[in-house]
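J.: Sharing coords35.cif below, mmCIF, C-alpha atoms:
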```cif
data_entry
loop_
_atom_site.group_PDB
_atom_site.id
_atom_site.type_symbol
_atom_site.label_atom_id
_atom_site.label_comp_id
_atom_site.auth_asym_id
_atom_site.auth_seq_id
_atom_site.Cartn_x
_atom_site.Cartn_y
_atom_site.Cartn_z
ATOM 1 C CA MET J 535 21.636 -8.242 -31.629
ATOM 2 C CA PRO J 536 21.273 -12.052 -31.616
ATOM 3 C CA ILE J 537 20.649 -13.762 -28.269
ATOM 4 C CA ALA J 538 23.319 -16.418 -27.756
ATOM 5 C CA ASP J 539 21.792 -18.682 -25.100
ATOM 6 C CA SER J 540 18.689 -19.617 -23.140
ATOM 7 C CA THR J 541 18.101 -17.866 -19.832
ATOM 8 C CA HIS J 542 19.659 -19.673 -16.882
ATOM 9 C CA VAL J 543 17.342 -19.874 -13.864
ATOM 10 C CA THR J 544 18.142 -20.230 -10.170
ATOM 11 C CA TYR J 545 14.610 -20.433 -8.727
ATOM 12 C CA PRO J 546 14.542 -24.273 -8.678
ATOM 13 C CA SER J 547 17.027 -24.168 -5.791
ATOM 14 C CA GLY J 548 14.959 -21.539 -3.980
ATOM 15 C CA GLU J 549 16.956 -18.438 -4.918
ATOM 16 C CA ILE J 550 15.098 -15.125 -4.734
ATOM 17 C CA THR J 551 17.931 -12.667 -5.446
ATOM 18 C CA GLY J 552 20.672 -12.376 -8.025
ATOM 19 C CA ARG J 553 22.861 -10.138 -10.141
ATOM 20 C CA SER J 554 23.116 -10.560 -13.891
ATOM 21 C CA THR J 555 23.816 -8.899 -17.233
ATOM 22 C CA ILE J 556 21.106 -7.565 -19.519
ATOM 23 C CA VAL J 557 21.070 -9.585 -22.746
ATOM 24 C CA ALA J 558 18.256 -7.844 -24.620
ATOM 25 C CA THR J 559 15.184 -5.656 -24.236
ATOM 26 C CA VAL J 560 11.874 -6.221 -26.029
ATOM 27 C CA PRO J 561 8.501 -4.457 -26.127
ATOM 28 C CA VAL J 562 5.659 -6.161 -24.254
ATOM 29 C CA GLY J 563 2.574 -4.291 -25.405
ATOM 30 C CA ASP J 564 2.892 -0.821 -23.898
ATOM 31 C CA ARG J 565 5.378 -2.090 -21.299
ATOM 32 C CA TYR J 566 9.036 -3.067 -21.363
ATOM 33 C CA GLY J 567 10.611 -6.526 -21.291
ATOM 34 C CA THR J 568 14.143 -7.184 -20.057
ATOM 35 C CA ILE J 569 16.053 -10.421 -20.637
ATOM 36 C CA VAL J 570 19.095 -11.202 -18.501
ATOM 37 C CA ALA J 571 21.630 -14.024 -18.627
ATOM 38 C CA GLU J 572 20.556 -15.545 -15.285
ATOM 39 C CA THR J 573 17.532 -14.873 -13.100
ATOM 40 C CA PRO J 574 15.832 -16.038 -9.896
ATOM 41 C CA PHE J 575 12.402 -15.116 -11.349
ATOM 42 C CA HIS J 576 9.909 -17.863 -12.200
ATOM 43 C CA PRO J 577 7.952 -16.909 -15.353
ATOM 44 C CA LEU J 578 4.470 -18.000 -16.321
ATOM 45 C CA ASP J 579 4.637 -21.138 -18.479
ATOM 46 C CA HIS J 580 2.279 -20.456 -21.368
ATOM 47 C CA THR J 581 1.946 -24.166 -22.193
ATOM 48 C CA TRP J 582 0.690 -25.170 -18.717
ATOM 49 C CA PRO J 583 0.001 -21.926 -16.827
ATOM 50 C CA ASP J 584 -0.414 -23.414 -13.376
ATOM 51 C CA GLN J 585 1.955 -21.314 -11.253
ATOM 52 C CA PRO J 586 1.715 -17.514 -11.633
ATOM 53 C CA ALA J 587 4.818 -15.508 -12.423
ATOM 54 C CA ASP J 588 7.012 -14.100 -9.696
ATOM 55 C CA THR J 589 6.884 -10.378 -9.021
ATOM 56 C CA GLY J 590 9.619 -8.273 -7.479
ATOM 57 C CA ALA J 591 12.198 -5.799 -8.755
ATOM 58 C CA ILE J 592 14.906 -5.465 -11.394
ATOM 59 C CA ALA J 593 17.351 -2.581 -11.077
ATOM 60 C CA GLY J 594 14.975 -1.081 -8.525
ATOM 61 C CA LEU J 595 11.984 -1.086 -10.911
ATOM 62 C CA ALA J 596 8.888 -3.119 -10.090
ATOM 63 C CA VAL J 597 8.525 -6.358 -12.065
ATOM 64 C CA ALA J 598 4.771 -6.587 -12.619
ATOM 65 C CA ASP J 599 4.893 -9.772 -14.680
ATOM 66 C CA CYS J 600 7.352 -12.347 -15.937
ATOM 67 C CA VAL J 601 6.661 -14.230 -19.178
ATOM 68 C CA THR J 602 8.277 -16.933 -21.267
ATOM 69 C CA GLY J 603 9.927 -15.912 -24.521
ATOM 70 C CA ALA J 604 11.649 -17.756 -27.345
ATOM 71 C CA VAL J 605 13.960 -16.797 -30.200
ATOM 72 C CA ALA J 606 15.370 -18.924 -33.007
ATOM 73 C CA GLU J 607 19.125 -19.475 -32.717
ATOM 74 C CA ASP J 608 19.612 -17.785 -36.092
ATOM 75 C CA GLY J 609 16.942 -15.125 -35.512
ATOM 76 C CA GLU J 610 16.420 -11.888 -33.630
ATOM 77 C CA THR J 611 12.635 -11.769 -33.139
ATOM 78 C CA VAL J 612 11.632 -12.663 -29.589
ATOM 79 C CA HIS J 613 8.216 -14.325 -29.459
ATOM 80 C CA LEU J 614 6.279 -14.121 -26.196
ATOM 81 C CA GLY J 615 3.855 -16.502 -24.498
ATOM 82 C CA ASP J 616 1.065 -17.775 -26.722
ATOM 83 C CA ASP J 617 2.724 -16.187 -29.774
ATOM 84 C CA ILE J 618 5.662 -18.613 -29.592
ATOM 85 C CA PRO J 619 5.354 -20.642 -32.832
ATOM 86 C CA VAL J 620 7.103 -23.837 -31.661
ATOM 87 C CA ARG J 621 6.705 -26.328 -28.835
ATOM 88 C CA ARG J 622 8.457 -25.599 -25.558
ATOM 89 C CA GLY J 623 12.001 -26.969 -25.647
ATOM 90 C CA THR J 624 12.174 -27.289 -29.443
ATOM 91 C CA PRO J 625 15.840 -27.607 -30.529
ATOM 92 C CA GLY J 626 17.237 -24.656 -32.431
ATOM 93 C CA TRP J 627 15.527 -22.155 -30.149
ATOM 94 C CA HIS J 628 16.617 -20.222 -27.066
ATOM 95 C CA TRP J 629 14.086 -20.046 -24.242
ATOM 96 C CA LEU J 630 13.940 -16.856 -22.241
ATOM 97 C CA VAL J 631 12.610 -15.271 -19.069
ATOM 98 C CA VAL J 632 11.242 -11.804 -19.848
ATOM 99 C CA HIS J 633 10.867 -9.424 -16.887
ATOM 100 C CA VAL J 634 8.053 -6.938 -17.544
ATOM 101 C CA THR J 635 8.217 -3.389 -16.150
ATOM 102 C CA ALA J 636 6.228 -0.199 -16.655
ATOM 103 C CA GLU J 637 9.400 1.785 -17.382
ATOM 104 C CA PRO J 638 12.564 0.787 -19.286
ATOM 105 C CA VAL J 639 15.349 -0.701 -17.177
ATOM 106 C CA PRO J 640 18.340 1.677 -17.182
ATOM 107 C CA GLY J 641 21.523 0.679 -18.965
ATOM 108 C CA GLY J 642 20.429 -1.572 -21.796
ATOM 109 C CA PRO J 643 22.274 -4.681 -23.060
ATOM 110 C CA GLY J 644 25.572 -5.289 -21.284
ATOM 111 C CA ALA J 645 24.588 -3.483 -18.090
ATOM 112 C CA GLU J 646 24.569 -5.374 -14.802
ATOM 113 C CA VAL J 647 21.384 -5.328 -12.732
ATOM 114 C CA GLU J 648 20.195 -6.551 -9.353
ATOM 115 C CA LEU J 649 17.159 -8.831 -9.287
ATOM 116 C CA ALA J 650 14.952 -9.506 -6.260
ATOM 117 C CA VAL J 651 11.815 -11.646 -6.130
ATOM 118 C CA ASP J 652 9.024 -10.759 -3.711
ATOM 119 C CA ALA J 653 9.854 -13.255 -0.956
ATOM 120 C CA ALA J 654 6.428 -13.514 0.664
ATOM 121 C CA GLY J 655 4.715 -14.021 -2.681
ATOM 122 C CA ARG J 656 7.203 -16.716 -3.698
ATOM 123 C CA ARG J 657 6.787 -18.600 -0.402
ATOM 124 C CA ALA J 658 3.007 -18.552 -0.678
ATOM 125 C CA LEU J 659 3.080 -19.887 -4.255
ATOM 126 C CA SER J 660 5.717 -22.488 -3.384
ATOM 127 C CA ALA J 661 3.507 -23.690 -0.539
ATOM 128 C CA GLY J 662 0.530 -23.860 -2.883
ATOM 129 C CA HIS J 663 2.499 -25.860 -5.441
ATOM 130 C CA THR J 664 3.842 -28.363 -2.917
ATOM 131 C CA ALA J 665 0.332 -28.783 -1.495
ATOM 132 C CA CYS J 666 -1.045 -29.263 -5.018
ATOM 133 C CA HIS J 667 1.227 -32.234 -5.732
ATOM 134 C CA LEU J 668 0.548 -33.823 -2.352
ATOM 135 C CA ALA J 669 -3.206 -33.288 -2.678
ATOM 136 C CA ALA J 670 -3.169 -34.990 -6.083
ATOM 137 C CA LEU J 671 -1.433 -38.031 -4.597
ATOM 138 C CA ALA J 672 -3.853 -38.087 -1.660
ATOM 139 C CA LEU J 673 -6.866 -37.813 -3.988
ATOM 140 C CA ASN J 674 -5.513 -40.675 -6.095
ATOM 141 C CA ALA J 675 -5.428 -42.833 -2.967
ATOM 142 C CA ALA J 676 -8.932 -41.795 -1.904
ATOM 143 C CA LEU J 677 -10.357 -42.685 -5.342
ATOM 144 C CA ALA J 678 -8.357 -45.893 -5.846
ATOM 145 C CA GLY J 679 -11.383 -48.130 -5.221
ATOM 146 C CA ARG J 680 -13.349 -46.538 -8.060
ATOM 147 C CA TRP J 681 -11.315 -48.078 -10.870
ATOM 148 C CA ARG J 682 -12.388 -51.311 -12.579
ATOM 149 C CA LYS J 683 -9.587 -51.292 -15.154
ATOM 150 C CA GLU J 684 -5.845 -50.913 -14.798
ATOM 151 C CA VAL J 685 -4.486 -47.438 -15.531
ATOM 152 C CA PRO J 686 -0.998 -45.958 -15.039
ATOM 153 C CA ALA J 687 -0.098 -45.708 -11.360
ATOM 154 C CA ASP J 688 1.346 -42.777 -9.435
ATOM 155 C CA GLY J 689 4.527 -42.937 -7.369
ATOM 156 C CA LEU J 690 2.681 -44.583 -4.475
ATOM 157 C CA GLY J 691 1.193 -47.316 -6.645
ATOM 158 C CA ASN J 692 -2.353 -45.917 -6.796
ATOM 159 C CA PRO J 693 -4.279 -45.424 -10.056
ATOM 160 C CA ASP J 694 -3.287 -41.958 -11.229
ATOM 161 C CA PHE J 695 -6.669 -40.233 -11.372
ATOM 162 C CA ASP J 696 -4.964 -36.832 -11.302
ATOM 163 C CA GLN J 697 -2.905 -37.260 -14.455
ATOM 164 C CA THR J 698 -5.621 -39.243 -16.225
ATOM 165 C CA ALA J 699 -8.455 -36.760 -15.685
ATOM 166 C CA ILE J 700 -6.943 -33.318 -15.067
ATOM 167 C CA VAL J 701 -8.113 -30.416 -17.239
ATOM 168 C CA SER J 702 -6.509 -27.474 -15.474
ATOM 169 C CA SER J 703 -4.454 -26.674 -12.397
ATOM 170 C CA ARG J 704 -3.962 -23.259 -10.825
ATOM 171 C CA ILE J 705 -1.481 -22.594 -8.065
ATOM 172 C CA LEU J 706 -2.746 -19.954 -5.647
ATOM 173 C CA PRO J 707 -0.993 -18.188 -2.769
ATOM 174 C CA GLY J 708 -1.312 -20.836 -0.073
ATOM 175 C CA GLY J 709 -3.390 -23.279 -2.088
ATOM 176 C CA SER J 710 -4.453 -24.659 -5.448
ATOM 177 C CA ARG J 711 -7.504 -25.365 -7.588
ATOM 178 C CA ASP J 712 -7.553 -28.471 -9.791
ATOM 179 C CA VAL J 713 -10.303 -29.348 -12.262
ATOM 180 C CA TYR J 714 -10.906 -32.896 -13.504
ATOM 181 C CA ARG J 715 -13.042 -34.070 -16.407
ATOM 182 C CA LEU J 716 -15.365 -37.000 -15.597
ATOM 183 C CA GLY J 717 -16.506 -37.676 -19.135
ATOM 184 C CA LYS J 718 -17.074 -40.724 -21.288
ATOM 185 C CA SER J 719 -13.358 -41.062 -21.994
ATOM 186 C CA LEU J 720 -12.559 -41.467 -18.291
ATOM 187 C CA ARG J 721 -15.377 -43.970 -17.863
ATOM 188 C CA ARG J 722 -14.089 -46.008 -20.800
ATOM 189 C CA LYS J 723 -10.734 -46.121 -19.034
ATOM 190 C CA GLY J 724 -12.464 -47.749 -16.083
ATOM 191 C CA PHE J 725 -13.392 -44.978 -13.656
ATOM 192 C CA VAL J 726 -16.708 -45.537 -11.862
ATOM 193 C CA ALA J 727 -18.485 -42.232 -11.247
ATOM 194 C CA ASP J 728 -21.759 -43.706 -9.958
ATOM 195 C CA GLY J 729 -22.605 -42.414 -6.490
ATOM 196 C CA LEU J 730 -19.681 -40.011 -6.481
ATOM 197 C CA ALA J 731 -21.760 -37.024 -5.377
ATOM 198 C CA ASP J 732 -22.944 -38.774 -2.230
ATOM 199 C CA GLU J 733 -19.445 -39.955 -1.371
ATOM 200 C CA LEU J 734 -17.670 -36.622 -1.947
ATOM 201 C CA PRO J 735 -17.565 -35.554 1.726
ATOM 202 C CA GLU J 736 -15.965 -38.866 2.699
ATOM 203 C CA ILE J 737 -13.479 -38.707 -0.198
ATOM 204 C CA ALA J 738 -12.524 -35.169 0.822
ATOM 205 C CA ARG J 739 -12.069 -36.289 4.437
ATOM 206 C CA ARG J 740 -9.809 -39.188 3.426
ATOM 207 C CA THR J 741 -7.790 -36.905 1.148
ATOM 208 C CA GLU J 742 -7.396 -34.294 3.864
ATOM 209 C CA ASP J 743 -6.486 -36.870 6.534
ATOM 210 C CA ARG J 744 -3.730 -38.279 4.351
ATOM 211 C CA LEU J 745 -2.396 -34.795 3.688
ATOM 212 C CA LYS J 746 -2.312 -34.085 7.407
ATOM 213 C CA GLU J 747 -0.285 -37.264 7.946
ATOM 214 C CA TRP J 748 2.246 -36.170 5.335
ATOM 215 C CA VAL J 749 2.518 -32.680 6.810
ATOM 216 C CA ALA J 750 3.134 -34.190 10.250
ATOM 217 C CA ALA J 751 5.808 -36.483 8.774
ATOM 218 C CA ASP J 752 8.022 -33.458 7.997
ATOM 219 C CA ALA J 753 9.059 -35.138 4.743
ATOM 220 C CA PRO J 754 11.892 -33.500 2.785
ATOM 221 C CA VAL J 755 11.120 -32.006 -0.627
ATOM 222 C CA ARG J 756 13.659 -31.297 -3.358
ATOM 223 C CA ILE J 757 13.863 -30.447 -7.046
ATOM 224 C CA ASP J 758 16.141 -32.460 -9.313
ATOM 225 C CA VAL J 759 17.787 -29.980 -11.688
ATOM 226 C CA PRO J 760 19.587 -31.529 -14.692
ATOM 227 C CA GLY J 761 20.710 -28.162 -16.077
ATOM 228 C CA PRO J 762 20.434 -24.398 -15.539
ATOM 229 C CA GLU J 763 18.390 -23.612 -18.652
ATOM 230 C CA LEU J 764 14.772 -22.489 -18.369
ATOM 231 C CA THR J 765 13.524 -25.562 -20.239
ATOM 232 C CA ALA J 766 15.614 -28.161 -18.367
ATOM 233 C CA ARG J 767 13.333 -31.077 -17.417
ATOM 234 C CA ARG J 768 13.143 -30.689 -13.648
ATOM 235 C CA THR J 769 11.527 -33.174 -11.276
ATOM 236 C CA TRP J 770 9.868 -32.707 -7.876
ATOM 237 C CA HIS J 771 10.760 -35.309 -5.252
ATOM 238 C CA CYS J 772 9.208 -35.906 -1.839
ATOM 239 C CA GLU J 773 10.352 -38.577 0.617
ATOM 240 C CA LEU J 774 6.964 -39.598 2.007
ATOM 241 C CA PRO J 775 6.758 -42.258 4.747
ATOM 242 C CA ASP J 776 5.626 -44.974 2.310
ATOM 243 C CA ALA J 777 7.925 -44.140 -0.597
ATOM 244 C CA GLU J 778 9.821 -41.391 -2.356
ATOM 245 C CA VAL J 779 7.622 -39.976 -5.088
ATOM 246 C CA SER J 780 8.570 -37.860 -8.081
ATOM 247 C CA ILE J 781 6.548 -35.696 -10.463
ATOM 248 C CA PRO J 782 7.846 -33.699 -13.456
ATOM 249 C CA CYS J 783 7.567 -30.042 -12.456
ATOM 250 C CA GLY J 784 8.989 -26.683 -13.491
ATOM 251 C CA GLY J 785 7.672 -24.710 -10.523
ATOM 252 C CA THR J 786 8.898 -23.699 -7.084
ATOM 253 C CA HIS J 787 8.397 -25.547 -3.798
ATOM 254 C CA LEU J 788 8.968 -25.629 -0.073
ATOM 255 C CA SER J 789 11.763 -27.758 1.370
ATOM 256 C CA ARG J 790 9.732 -29.812 3.891
ATOM 257 C CA THR J 791 6.082 -30.841 4.173
ATOM 258 C CA SER J 792 5.844 -29.529 7.746
ATOM 259 C CA GLU J 793 6.084 -25.972 6.376
ATOM 260 C CA LEU J 794 2.590 -26.327 4.913
ATOM 261 C CA GLY J 795 0.757 -25.919 8.216
ATOM 262 C CA ALA J 796 -2.958 -26.776 8.345
ATOM 263 C CA VAL J 797 -4.523 -28.170 5.160
ATOM 264 C CA THR J 798 -8.170 -28.105 4.073
ATOM 265 C CA VAL J 799 -9.531 -29.986 1.039
ATOM 266 C CA THR J 800 -12.915 -29.261 -0.548
ATOM 267 C CA LEU J 801 -14.382 -31.222 -3.460
ATOM 268 C CA GLU J 802 -17.119 -29.879 -5.743
ATOM 269 C CA LEU J 803 -19.006 -31.748 -8.456
ATOM 270 C CA SER J 804 -20.552 -29.761 -11.301
ATOM 271 C CA ALA J 805 -24.348 -29.851 -11.646
ATOM 272 C CA ASP J 806 -24.158 -32.230 -14.599
ATOM 273 C CA GLY J 807 -21.523 -34.419 -12.946
ATOM 274 C CA SER J 808 -18.993 -33.854 -15.720
ATOM 275 C CA GLU J 809 -16.334 -32.005 -13.699
ATOM 276 C CA LEU J 810 -14.783 -32.457 -10.279
ATOM 277 C CA THR J 811 -12.962 -29.505 -8.702
ATOM 278 C CA MET J 812 -10.552 -29.865 -5.794
ATOM 279 C CA HIS J 813 -9.765 -26.795 -3.690
ATOM 280 C CA THR J 814 -6.700 -27.121 -1.462
ATOM 281 C CA GLU J 815 -6.214 -24.369 1.113
ATOM 282 C CA LEU J 816 -3.430 -23.839 3.631
ATOM 283 C CA THR J 817 -3.201 -21.970 6.881
ATOM 284 C CA LEU J 818 0.462 -21.307 6.326
ATOM 285 C CA HIS J 819 3.050 -22.099 8.956
ATOM 286 C CA THR J 820 4.147 -18.892 10.671
ATOM 287 C CA GLY J 821 7.572 -19.308 9.103
ATOM 288 C CA LEU J 822 5.982 -18.607 5.724
ATOM 289 C CA THR J 823 4.212 -15.386 6.552
ATOM 290 C CA GLY J 824 7.090 -12.995 7.058
#
```
The structure in this file should be written as structure tokens.
T.:
Amino acid sequence: MPIADSTHVTYPSGEITGRSTIVATVPVGDRYGTIVAETPFHPLDHTWPDQPADTGAIAGLAVADCVTGAVAEDGETVHLGDDIPVRRGTPGWHWLVVHVTAEPVPGGPGAEVELAVDAAGRRALSAGHTACHLAALALNAALAGRWRKEVPADGLGNPDFDQTAIVSSRILPGGSRDVYRLGKSLRRKGFVADGLADELPEIARRTEDRLKEWVAADAPVRIDVPGPELTARRTWHCELPDAEVSIPCGGTHLSRTSELGAVTVTLELSADGSELTMHTELTLHTGLTG
């Protein structure tokens, strides 16, 4: 049976429960995939797999994974994750959230089901994602003096080291790990890496201090949602003391910076000096642990 529309998602507004109609079921290896019309579940984005998928339950069955799927508007084959043959958001395709369970969900297409995301897991990942964006902005500020050429600026007016050099980003429960490439290309763009190893402790301290200021500011955080579809181009906003900043983002977040609690930043340089890794760790506010 053809799938008529992309999955509508409610997680950008913080929803963790919902009720919806099964649209289709698909095999996922030796497990079962269920697609519903609307879901609170955040799936793994195969194109930039930074935030892990939500877990929880659908119709009382454990959701062990949640992946992105796509089907041509005039087709019936649902492609999953890395097997999707087109770019994310390509017109003429429906984009889907596929809930993966060990057993088939009762009822099949047309049946209504209850969906519930694991609340503690969602909060921990949302905290990690909010901290990740703030840490990137703080690192940009701490490295601003190391540029000798003009490069695109971030929302606070600092050279955007994060977006210029990032190789990978992984959101963790209560933290994040970001890896940056310090190769010839970055140097040609004007970044000065000389003496970076010796200065790393001071750069980490400045980054962490700025993060602590933003946590103390209790700045509001929101997601701009232009549409309900999975592939709608959503934007993260944070009203920091100096300016409101925005970053394109399809993940989940906290609602205020004060919810982050204590923040620790660690910077590591690879032995050959070609990669910088930033570890951001949170001691989550007690309101996030229950």
J.: When you count all atoms listed in the file, which of these residues is closest to Thr541 in chain J: J:Asp752, J:Asp584, J:Glu763, J:Asp776?
T.: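 So, comparing all the options, the nearest one is J:Glu763.
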J.: Which polymer residues, whether protein, DNA or RNA, lie within 10 Å of the coordinate (26.7, -6.0, -16.7) when you count only C-alpha atoms? List them as number ranges by chain, using the chain letters and numbers from the file.
T.: J: 553-557, 570-571, 641-648
J.: Would you pick out the contacts of range 683-686 of chain J at 6 Å or less, using all atoms listed in the file, so that residues sharing its chain but fewer than 4 positions from it are not included, and give the list as an mmCIF file with C-alpha atoms, in the frame of the given file?
T.:
```cif
data_model
loop_
_atom_site.group_PDB
_atom_site.id
_atom_site.type_symbol
_atom_site.label_atom_id
_atom_site.label_comp_id
_atom_site.auth_asym_id
_atom_site.auth_seq_id
_atom_site.Cartn_x
_atom_site.Cartn_y
_atom_site.Cartn_z
ATOM 1 C CA PRO J 693 -4.279 -45.424 -10.056
ATOM 2 C CA ASP J 694 -3.287 -41.958 -11.229
ATOM 3 C CA GLY J 724 -12.464 -47.749 -16.083
#
```
J.: Just the residues within 12 Å of Glu733 in chain J, please, counting all atoms listed in the file, with nothing from its chain fewer than 6 positions along; format it as a ChimeraX atom specification.
T.: /J:676-677,680,727,739-740,801-803
J.: So, with only C-alpha atoms as the atoms that count, which of J:Gly795, J:Gly594, J:Gly679, J:Pro707 lies closest to Phe695 in chain J?
T.: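 Among the listed residues, the smallest separation from Phe695 in chain J belongs to J:Gly679.
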J.: Mind checking which residues fall within 8 Å of range 714-720 of chain J, counting all atoms listed in the file, ignoring those fewer than 2 positions away in the same chain, and posting them as an NGL selection string?
T.: :J and (696 or 698-702 or 712 or 722-725 or 727 or 807-811)
J.: Given the file shown, determine the residues that the PyMOL selection byres ((chain J and resi 655) around 12) selects; report them as a VMD selection string.
T.: chain J and resid 550 575 to 576 585 to 590 650 to 654 656 to 662 705 to 708 786 822 to 824
J.: Would you save the residues from that selection as a PDB file, in the frame of the given file, using C-alpha atoms?
T.:
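To be explicit, this is the file written out as selection.pdb:
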```pdb
ATOM      1  CA  ILE J 550      15.098 -15.125  -4.734  1.00  0.00           C
ATOM      2  CA  PHE J 575      12.402 -15.116 -11.349  1.00  0.00           C
ATOM      3  CA  HIS J 576       9.909 -17.863 -12.200  1.00  0.00           C
ATOM      4  CA  GLN J 585       1.955 -21.314 -11.253  1.00  0.00           C
ATOM      5  CA  PRO J 586       1.715 -17.514 -11.633  1.00  0.00           C
ATOM      6  CA  ALA J 587       4.818 -15.508 -12.423  1.00  0.00           C
ATOM      7  CA  ASP J 588       7.012 -14.100  -9.696  1.00  0.00           C
ATOM      8  CA  THR J 589       6.884 -10.378  -9.021  1.00  0.00           C
ATOM      9  CA  GLY J 590       9.619  -8.273  -7.479  1.00  0.00           C
ATOM     10  CA  ALA J 650      14.952  -9.506  -6.260  1.00  0.00           C
ATOM     11  CA  VAL J 651      11.815 -11.646  -6.130  1.00  0.00           C
ATOM     12  CA  ASP J 652       9.024 -10.759  -3.711  1.00  0.00           C
ATOM     13  CA  ALA J 653       9.854 -13.255  -0.956  1.00  0.00           C
ATOM     14  CA  ALA J 654       6.428 -13.514   0.664  1.00  0.00           C
ATOM     15  CA  ARG J 656       7.203 -16.716  -3.698  1.00  0.00           C
ATOM     16  CA  ARG J 657       6.787 -18.600  -0.402  1.00  0.00           C
ATOM     17  CA  ALA J 658       3.007 -18.552  -0.678  1.00  0.00           C
ATOM     18  CA  LEU J 659       3.080 -19.887  -4.255  1.00  0.00           C
ATOM     19  CA  SER J 660       5.717 -22.488  -3.384  1.00  0.00           C
ATOM     20  CA  ALA J 661       3.507 -23.690  -0.539  1.00  0.00           C
ATOM     21  CA  GLY J 662       0.530 -23.860  -2.883  1.00  0.00           C
ATOM     22  CA  ILE J 705      -1.481 -22.594  -8.065  1.00  0.00           C
ATOM     23  CA  LEU J 706      -2.746 -19.954  -5.647  1.00  0.00           C
ATOM     24  CA  PRO J 707      -0.993 -18.188  -2.769  1.00  0.00           C
ATOM     25  CA  GLY J 708      -1.312 -20.836  -0.073  1.00  0.00           C
ATOM     26  CA  THR J 786       8.898 -23.699  -7.084  1.00  0.00           C
ATOM     27  CA  LEU J 822       5.982 -18.607   5.724  1.00  0.00           C
ATOM     28  CA  THR J 823       4.212 -15.386   6.552  1.00  0.00           C
ATOM     29  CA  GLY J 824       7.090 -12.995   7.058  1.00  0.00           C
TER      30      GLY J 824
END
```
J.: Hey, can I get the axis-aligned box for range 608-612 of chain J? All listed atoms, 6 Å padding on each side, centre and edge lengths in Å to one decimal, as JSON.
T.:
```
{"center_x": 15.6, "center_y": -14.8, "center_z": -32.8, "size_x": 20.0, "size_y": 18.0, "size_z": 18.5}
```
J.: May I ask for the distance between CA of Met812 in chain J and CA of Arg711 in chain J, given in Å to one decimal place?
T.: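 Result for CA of Met812 in chain J versus CA of Arg711 in chain J: 5.7 Å, one decimal.
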J.: Need the shell around Leu595 in chain J: protein/DNA/RNA residues with any atom at most 12 Å away, counting all atoms listed in the file. Skip same-chain ones fewer than 2 positions apart. Format as a PyMOL selection string?
T.: chain J and resi 566-568+589-593+597-599+633-640+647-651
J.: Report as a PyMOL selection string the residues that result from applying the PyMOL selection byres ((chain J and resi 749) around 12) to the structure here.
T.: chain J and resi 661+664-665+668-669+672+742-748+750-755+772-775+788-798+816+818-819
J.: Could you list, as a list of chain:residue names, every residue within 9 Å of range 615-617 of chain J, counting all atoms listed in the file and ignoring same-chain residues fewer than 4 positions away?
T.: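 Within the cut-off, the hits are J:Leu578, J:Asp579, J:His580, J:Thr581, J:Val601, J:Thr602, J:Gly603, J:Ala604.
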J.: What would the list of residues within 9 Å of (14.6, -28.4, -22.2) (file frame) look like as a VMD selection string, if all atoms listed in the file are what count?
T.: chain J and resid 622 to 625 629 761 763 to 768
J.: Nearest to Leu673 in chain J among J:Ala805, J:Ile537, J:Ile569, J:Ile737, with distances taken over only C-alpha atoms: which residue is it?
T.: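 Comparing J:Ala805, J:Ile537, J:Ile569, J:Ile737 against Leu673 in chain J, the winner is J:Ile737.
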J.: How many Å lie between CA of Trp582 in chain J and CA of Arg621 in chain J, rounded to one decimal?
T.: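 Result for CA of Trp582 in chain J versus CA of Arg621 in chain J: 11.8 Å, one decimal.
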J.: Which value, in Å to one decimal, gives the distance between CA of Asp688 in chain J and CA of Thr769 in chain J?
T.: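 Distance reported for this atom pair: 14.1 Å.
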J.: Which residues would end up in the selection if the PyMOL selection byres ((chain J and resi 780) around 6) were applied here, given that I need the answer as a ChimeraX atom specification?
T.: /J:770-771,779,781
J.: From the list J:Cys666, J:Leu671, J:Ala538, J:Val560, which residue is nearest Gly626 in chain J when using all atoms listed in the file?
T.: J:Ala538
